[in-house]
Amino acid sequence: MGLKVETTRFGTLTLSNEQVIQMPYGMLGFPEQKRYVILEHRENSPFLWYQSIDDPPLAFVITNPLLFKPDYSVDVESVLEEMSWIQEGKEDHVELYVVVNIPKGAPEKMTANLVGPVLINMRARQAVQVVLPESSYSHRHPLLERD
C-alpha cells in the first residue's frame, strides 16, 4: 500500500515506504521536516527535487556538485564517522548533493550551496545536511560559467 502525499508542485504523489528518506536533523532552517523524497526534475536533467513529505510547499532543487565543480571535495569519511545511521560497509551507498538556488526569472544566475552538502545513504534511506567548517567553498557558488 502506498503513502499518499500532497505536494504544492507535483499534486498528490503515491510513494512506497522505500522511497522515503529520513533526515533525523532536517535540512538547515527546517529542523522539523524530517521526511523527504527525491523526484526527477525532467528526464536527463542534472537537477532533482528534494520534496518534503510533511510540508507540501517545501522542496529544494538539488544536484550532484561534481557535474559543475569536478574538483569539489568533501571529507565524507569524517562526516560518516559522526553519523550513527551509517553502518559498516554501507559507505558506497552514500550520494552527495548540494542545494541549488535559481533566482526567479534569471536561471543563468543559479548558484549552489557548496558549504552545506546533503549526504544521502540510499541503502539506509537516511540523510544529513552538514556544514563544512572553515571551508573555502561558497554558499553561493555560480553553476554556470560567466563569459
# chains A, B, ... in the order shown; residues from 1 in each chain; ligands from 1

call {"tool": "residues_around", "arguments": {"residues": "segment 124-138 of chain A", "least_positions_apart": "6", "cutoff": "6 Å", "atoms": "only C-alpha atoms", "output": "NGL selection string"}}
result
:A and (21-23 or 27 or 114-118)

call {"tool": "select_by_dssp", "arguments": {"residues": "segment 51-143 of chain A", "states": "strand (DSSP E)", "output": "list of chain:residue names"}}
result
A:Gln51, A:Ser52, A:Ala59, A:Phe60, A:Val61, A:Ile62, A:Thr63, A:Val94, A:Glu95, A:Leu96, A:Tyr97, A:Val98, A:Val99, A:Val100, A:Asn101, A:Thr111, A:Ala112, A:Val118, A:Leu119, A:Ile120, A:Asn121, A:Gln126, A:Ala127, A:Val128, A:Gln129, A:His141, A:Pro142

call {"tool": "write_last_selection", "arguments": {"atoms": "N, CA and C atoms", "output": "compact mmCIF listing (two decimals), in the first residue's frame"}}
result
# COMPACT_ATOMS: atom_id res chain seq x y z
N GLN A 51 11.78 16.82 -2.17
CA GLN A 51 10.45 17.24 -1.72
C GLN A 51 10.17 16.78 -0.30
N SER A 52 9.76 17.72 0.55
CA SER A 52 9.33 17.37 1.89
C SER A 52 8.01 16.63 1.81
N ALA A 59 10.23 22.26 -1.01
CA ALA A 59 11.00 21.41 -1.92
C ALA A 59 12.27 22.16 -2.30
N PHE A 60 13.36 21.44 -2.33
CA PHE A 60 14.65 22.01 -2.70
C PHE A 60 15.08 21.44 -4.05
N VAL A 61 15.75 22.27 -4.86
CA VAL A 61 16.39 21.76 -6.06
C VAL A 61 17.78 21.30 -5.63
N ILE A 62 18.13 20.07 -5.99
CA ILE A 62 19.45 19.55 -5.64
C ILE A 62 20.14 19.03 -6.89
N THR A 63 21.47 18.91 -6.80
CA THR A 63 22.24 18.35 -7.91
C THR A 63 23.52 17.73 -7.37
N VAL A 94 26.40 5.99 -0.29
CA VAL A 94 26.20 7.40 0.06
C VAL A 94 26.34 8.25 -1.19
N GLU A 95 25.33 9.08 -1.43
CA GLU A 95 25.36 10.00 -2.56
C GLU A 95 25.46 11.42 -2.03
N LEU A 96 26.15 12.25 -2.77
CA LEU A 96 26.43 13.63 -2.37
C LEU A 96 25.64 14.58 -3.26
N TYR A 97 24.92 15.51 -2.63
CA TYR A 97 24.16 16.52 -3.36
C TYR A 97 24.40 17.89 -2.73
N VAL A 98 24.12 18.93 -3.50
CA VAL A 98 24.12 20.29 -2.96
C VAL A 98 22.80 20.95 -3.35
N VAL A 99 22.37 21.90 -2.53
CA VAL A 99 21.14 22.63 -2.78
C VAL A 99 21.43 23.75 -3.78
N VAL A 100 20.55 23.88 -4.76
CA VAL A 100 20.69 24.87 -5.82
C VAL A 100 19.68 25.98 -5.61
N ASN A 101 20.11 27.22 -5.80
CA ASN A 101 19.23 28.38 -5.74
C ASN A 101 19.11 28.94 -7.15
N THR A 111 22.99 29.37 -8.36
CA THR A 111 24.14 29.10 -7.52
C THR A 111 23.89 27.81 -6.73
N ALA A 112 24.98 27.28 -6.18
CA ALA A 112 24.88 26.08 -5.35
C ALA A 112 25.52 26.35 -4.00
N VAL A 118 24.40 17.78 1.14
CA VAL A 118 23.47 16.79 1.68
C VAL A 118 24.03 15.41 1.33
N LEU A 119 24.22 14.58 2.36
CA LEU A 119 24.69 13.21 2.16
C LEU A 119 23.51 12.28 2.38
N ILE A 120 23.25 11.42 1.39
CA ILE A 120 22.12 10.51 1.47
C ILE A 120 22.64 9.07 1.36
N ASN A 121 22.36 8.28 2.38
CA ASN A 121 22.67 6.86 2.34
C ASN A 121 21.47 6.17 1.71
N GLN A 126 18.56 7.22 4.74
CA GLN A 126 18.80 8.25 5.75
C GLN A 126 19.67 9.33 5.13
N ALA A 127 19.51 10.57 5.60
CA ALA A 127 20.28 11.68 5.04
C ALA A 127 20.61 12.67 6.12
N VAL A 128 21.63 13.46 5.83
CA VAL A 128 22.01 14.55 6.73
C VAL A 128 22.58 15.68 5.88
N GLN A 129 22.26 16.89 6.26
CA GLN A 129 22.89 18.05 5.65
C GLN A 129 23.94 18.52 6.62
N HIS A 141 27.96 29.47 -4.88
CA HIS A 141 28.87 29.18 -5.97
C HIS A 141 28.12 29.19 -7.31
N PRO A 142 28.53 30.05 -8.27
CA PRO A 142 27.84 30.09 -9.57
C PRO A 142 27.98 28.75 -10.29

call {"tool": "select_by_dssp", "arguments": {"residues": "chain A", "states": "alpha helix (DSSP H)", "output": "list of chain:residue names"}}
result
A:Val76, A:Glu77, A:Ser78, A:Val79, A:Leu80, A:Glu81, A:Glu82

call {"tool": "decode", "arguments": {"residues": "segment 9-99 of chain A", "atoms": "C-alpha atoms", "output": "PDB file, in the first residue's frame"}}
result
ATOM      1  CA  ARG A   9       4.349  21.445  -7.134  1.00  0.00           C
ATOM      2  CA  PHE A  10       3.506  17.848  -8.016  1.00  0.00           C
ATOM      3  CA  GLY A  11      -0.036  17.348  -6.728  1.00  0.00           C
ATOM      4  CA  THR A  12      -0.820  14.078  -4.977  1.00  0.00           C
ATOM      5  CA  LEU A  13       2.003  11.554  -5.013  1.00  0.00           C
ATOM      6  CA  THR A  14       1.723   7.896  -4.165  1.00  0.00           C
ATOM      7  CA  LEU A  15       5.023   6.763  -2.675  1.00  0.00           C
ATOM      8  CA  SER A  16       6.312   3.499  -1.324  1.00  0.00           C
ATOM      9  CA  ASN A  17       7.989   3.478   2.082  1.00  0.00           C
ATOM     10  CA  GLU A  18      11.236   2.565   0.282  1.00  0.00           C
ATOM     11  CA  GLN A  19      11.240   5.967  -1.431  1.00  0.00           C
ATOM     12  CA  VAL A  20      11.106   7.943   1.818  1.00  0.00           C
ATOM     13  CA  ILE A  21      14.386   9.394   3.063  1.00  0.00           C
ATOM     14  CA  GLN A  22      14.584  10.157   6.789  1.00  0.00           C
ATOM     15  CA  MET A  23      16.553  13.191   7.976  1.00  0.00           C
ATOM     16  CA  PRO A  24      16.949  12.988  11.771  1.00  0.00           C
ATOM     17  CA  TYR A  25      18.071  16.649  11.914  1.00  0.00           C
ATOM     18  CA  GLY A  26      16.098  18.001   8.954  1.00  0.00           C
ATOM     19  CA  MET A  27      17.504  20.492   6.465  1.00  0.00           C
ATOM     20  CA  LEU A  28      19.218  23.685   7.604  1.00  0.00           C
ATOM     21  CA  GLY A  29      16.474  26.081   8.668  1.00  0.00           C
ATOM     22  CA  PHE A  30      13.853  23.310   8.601  1.00  0.00           C
ATOM     23  CA  PRO A  31      14.698  21.007  11.535  1.00  0.00           C
ATOM     24  CA  GLU A  32      11.092  19.829  11.966  1.00  0.00           C
ATOM     25  CA  GLN A  33      10.779  18.485   8.403  1.00  0.00           C
ATOM     26  CA  LYS A  34      12.350  15.042   8.627  1.00  0.00           C
ATOM     27  CA  ARG A  35      10.914  13.071   5.677  1.00  0.00           C
ATOM     28  CA  TYR A  36      11.765  13.701   2.027  1.00  0.00           C
ATOM     29  CA  VAL A  37      11.579  12.065  -1.358  1.00  0.00           C
ATOM     30  CA  ILE A  38      13.747  12.621  -4.437  1.00  0.00           C
ATOM     31  CA  LEU A  39      11.812  13.392  -7.627  1.00  0.00           C
ATOM     32  CA  GLU A  40      13.121  13.862 -11.156  1.00  0.00           C
ATOM     33  CA  HIS A  41      13.035  17.429 -12.424  1.00  0.00           C
ATOM     34  CA  ARG A  42      12.973  16.374 -16.058  1.00  0.00           C
ATOM     35  CA  GLU A  43      14.329  13.340 -17.849  1.00  0.00           C
ATOM     36  CA  ASN A  44      18.131  13.631 -18.264  1.00  0.00           C
ATOM     37  CA  SER A  45      18.211  16.804 -16.172  1.00  0.00           C
ATOM     38  CA  PRO A  46      21.140  17.243 -13.766  1.00  0.00           C
ATOM     39  CA  PHE A  47      18.648  18.654 -11.253  1.00  0.00           C
ATOM     40  CA  LEU A  48      16.339  16.791  -8.887  1.00  0.00           C
ATOM     41  CA  TRP A  49      13.641  17.873  -6.459  1.00  0.00           C
ATOM     42  CA  TYR A  50      14.101  17.066  -2.771  1.00  0.00           C
ATOM     43  CA  GLN A  51      10.453  17.238  -1.722  1.00  0.00           C
ATOM     44  CA  SER A  52       9.329  17.371   1.893  1.00  0.00           C
ATOM     45  CA  ILE A  53       6.633  14.816   2.642  1.00  0.00           C
ATOM     46  CA  ASP A  54       5.385  16.696   5.710  1.00  0.00           C
ATOM     47  CA  ASP A  55       5.298  20.262   4.316  1.00  0.00           C
ATOM     48  CA  PRO A  56       3.667  20.420   0.830  1.00  0.00           C
ATOM     49  CA  PRO A  57       5.271  23.685  -0.389  1.00  0.00           C
ATOM     50  CA  LEU A  58       8.783  22.768   0.854  1.00  0.00           C
ATOM     51  CA  ALA A  59      11.002  21.411  -1.920  1.00  0.00           C
ATOM     52  CA  PHE A  60      14.654  22.010  -2.703  1.00  0.00           C
ATOM     53  CA  VAL A  61      16.391  21.756  -6.063  1.00  0.00           C
ATOM     54  CA  ILE A  62      19.454  19.553  -5.639  1.00  0.00           C
ATOM     55  CA  THR A  63      22.244  18.352  -7.910  1.00  0.00           C
ATOM     56  CA  ASN A  64      25.441  16.361  -7.876  1.00  0.00           C
ATOM     57  CA  PRO A  65      28.110  19.056  -7.332  1.00  0.00           C
ATOM     58  CA  LEU A  66      30.729  17.132  -9.323  1.00  0.00           C
ATOM     59  CA  LEU A  67      28.778  17.826 -12.523  1.00  0.00           C
ATOM     60  CA  PHE A  68      29.518  21.547 -12.139  1.00  0.00           C
ATOM     61  CA  LYS A  69      32.657  21.558  -9.981  1.00  0.00           C
ATOM     62  CA  PRO A  70      34.656  18.372 -10.670  1.00  0.00           C
ATOM     63  CA  ASP A  71      37.273  19.259  -8.034  1.00  0.00           C
ATOM     64  CA  TYR A  72      34.661  19.643  -5.263  1.00  0.00           C
ATOM     65  CA  SER A  73      35.790  17.645  -2.281  1.00  0.00           C
ATOM     66  CA  VAL A  74      34.131  16.737   0.997  1.00  0.00           C
ATOM     67  CA  ASP A  75      35.793  14.595   3.632  1.00  0.00           C
ATOM     68  CA  VAL A  76      32.882  12.179   3.568  1.00  0.00           C
ATOM     69  CA  GLU A  77      34.564   9.639   5.841  1.00  0.00           C
ATOM     70  CA  SER A  78      34.919  12.053   8.758  1.00  0.00           C
ATOM     71  CA  VAL A  79      31.271  13.059   8.342  1.00  0.00           C
ATOM     72  CA  LEU A  80      30.172   9.425   8.145  1.00  0.00           C
ATOM     73  CA  GLU A  81      32.023   8.573  11.344  1.00  0.00           C
ATOM     74  CA  GLU A  82      29.877  11.076  13.199  1.00  0.00           C
ATOM     75  CA  MET A  83      26.619   9.719  11.804  1.00  0.00           C
ATOM     76  CA  SER A  84      25.059   6.969  13.875  1.00  0.00           C
ATOM     77  CA  TRP A  85      22.903   5.843  10.943  1.00  0.00           C
ATOM     78  CA  ILE A  86      25.861   4.763   8.831  1.00  0.00           C
ATOM     79  CA  GLN A  87      26.534   1.072   9.116  1.00  0.00           C
ATOM     80  CA  GLU A  88      29.834  -0.619   8.378  1.00  0.00           C
ATOM     81  CA  GLY A  89      30.263  -1.351   4.694  1.00  0.00           C
ATOM     82  CA  LYS A  90      27.482   0.951   3.514  1.00  0.00           C
ATOM     83  CA  GLU A  91      29.647   3.934   2.599  1.00  0.00           C
ATOM     84  CA  ASP A  92      29.427   3.014  -1.080  1.00  0.00           C
ATOM     85  CA  HIS A  93      25.706   3.754  -0.954  1.00  0.00           C
ATOM     86  CA  VAL A  94      26.196   7.396   0.060  1.00  0.00           C
ATOM     87  CA  GLU A  95      25.363  10.003  -2.563  1.00  0.00           C
ATOM     88  CA  LEU A  96      26.427  13.627  -2.375  1.00  0.00           C
ATOM     89  CA  TYR A  97      24.159  16.524  -3.356  1.00  0.00           C
ATOM     90  CA  VAL A  98      24.117  20.287  -2.962  1.00  0.00           C
ATOM     91  CA  VAL A  99      21.136  22.627  -2.780  1.00  0.00           C
TER      92      VAL A  99
END
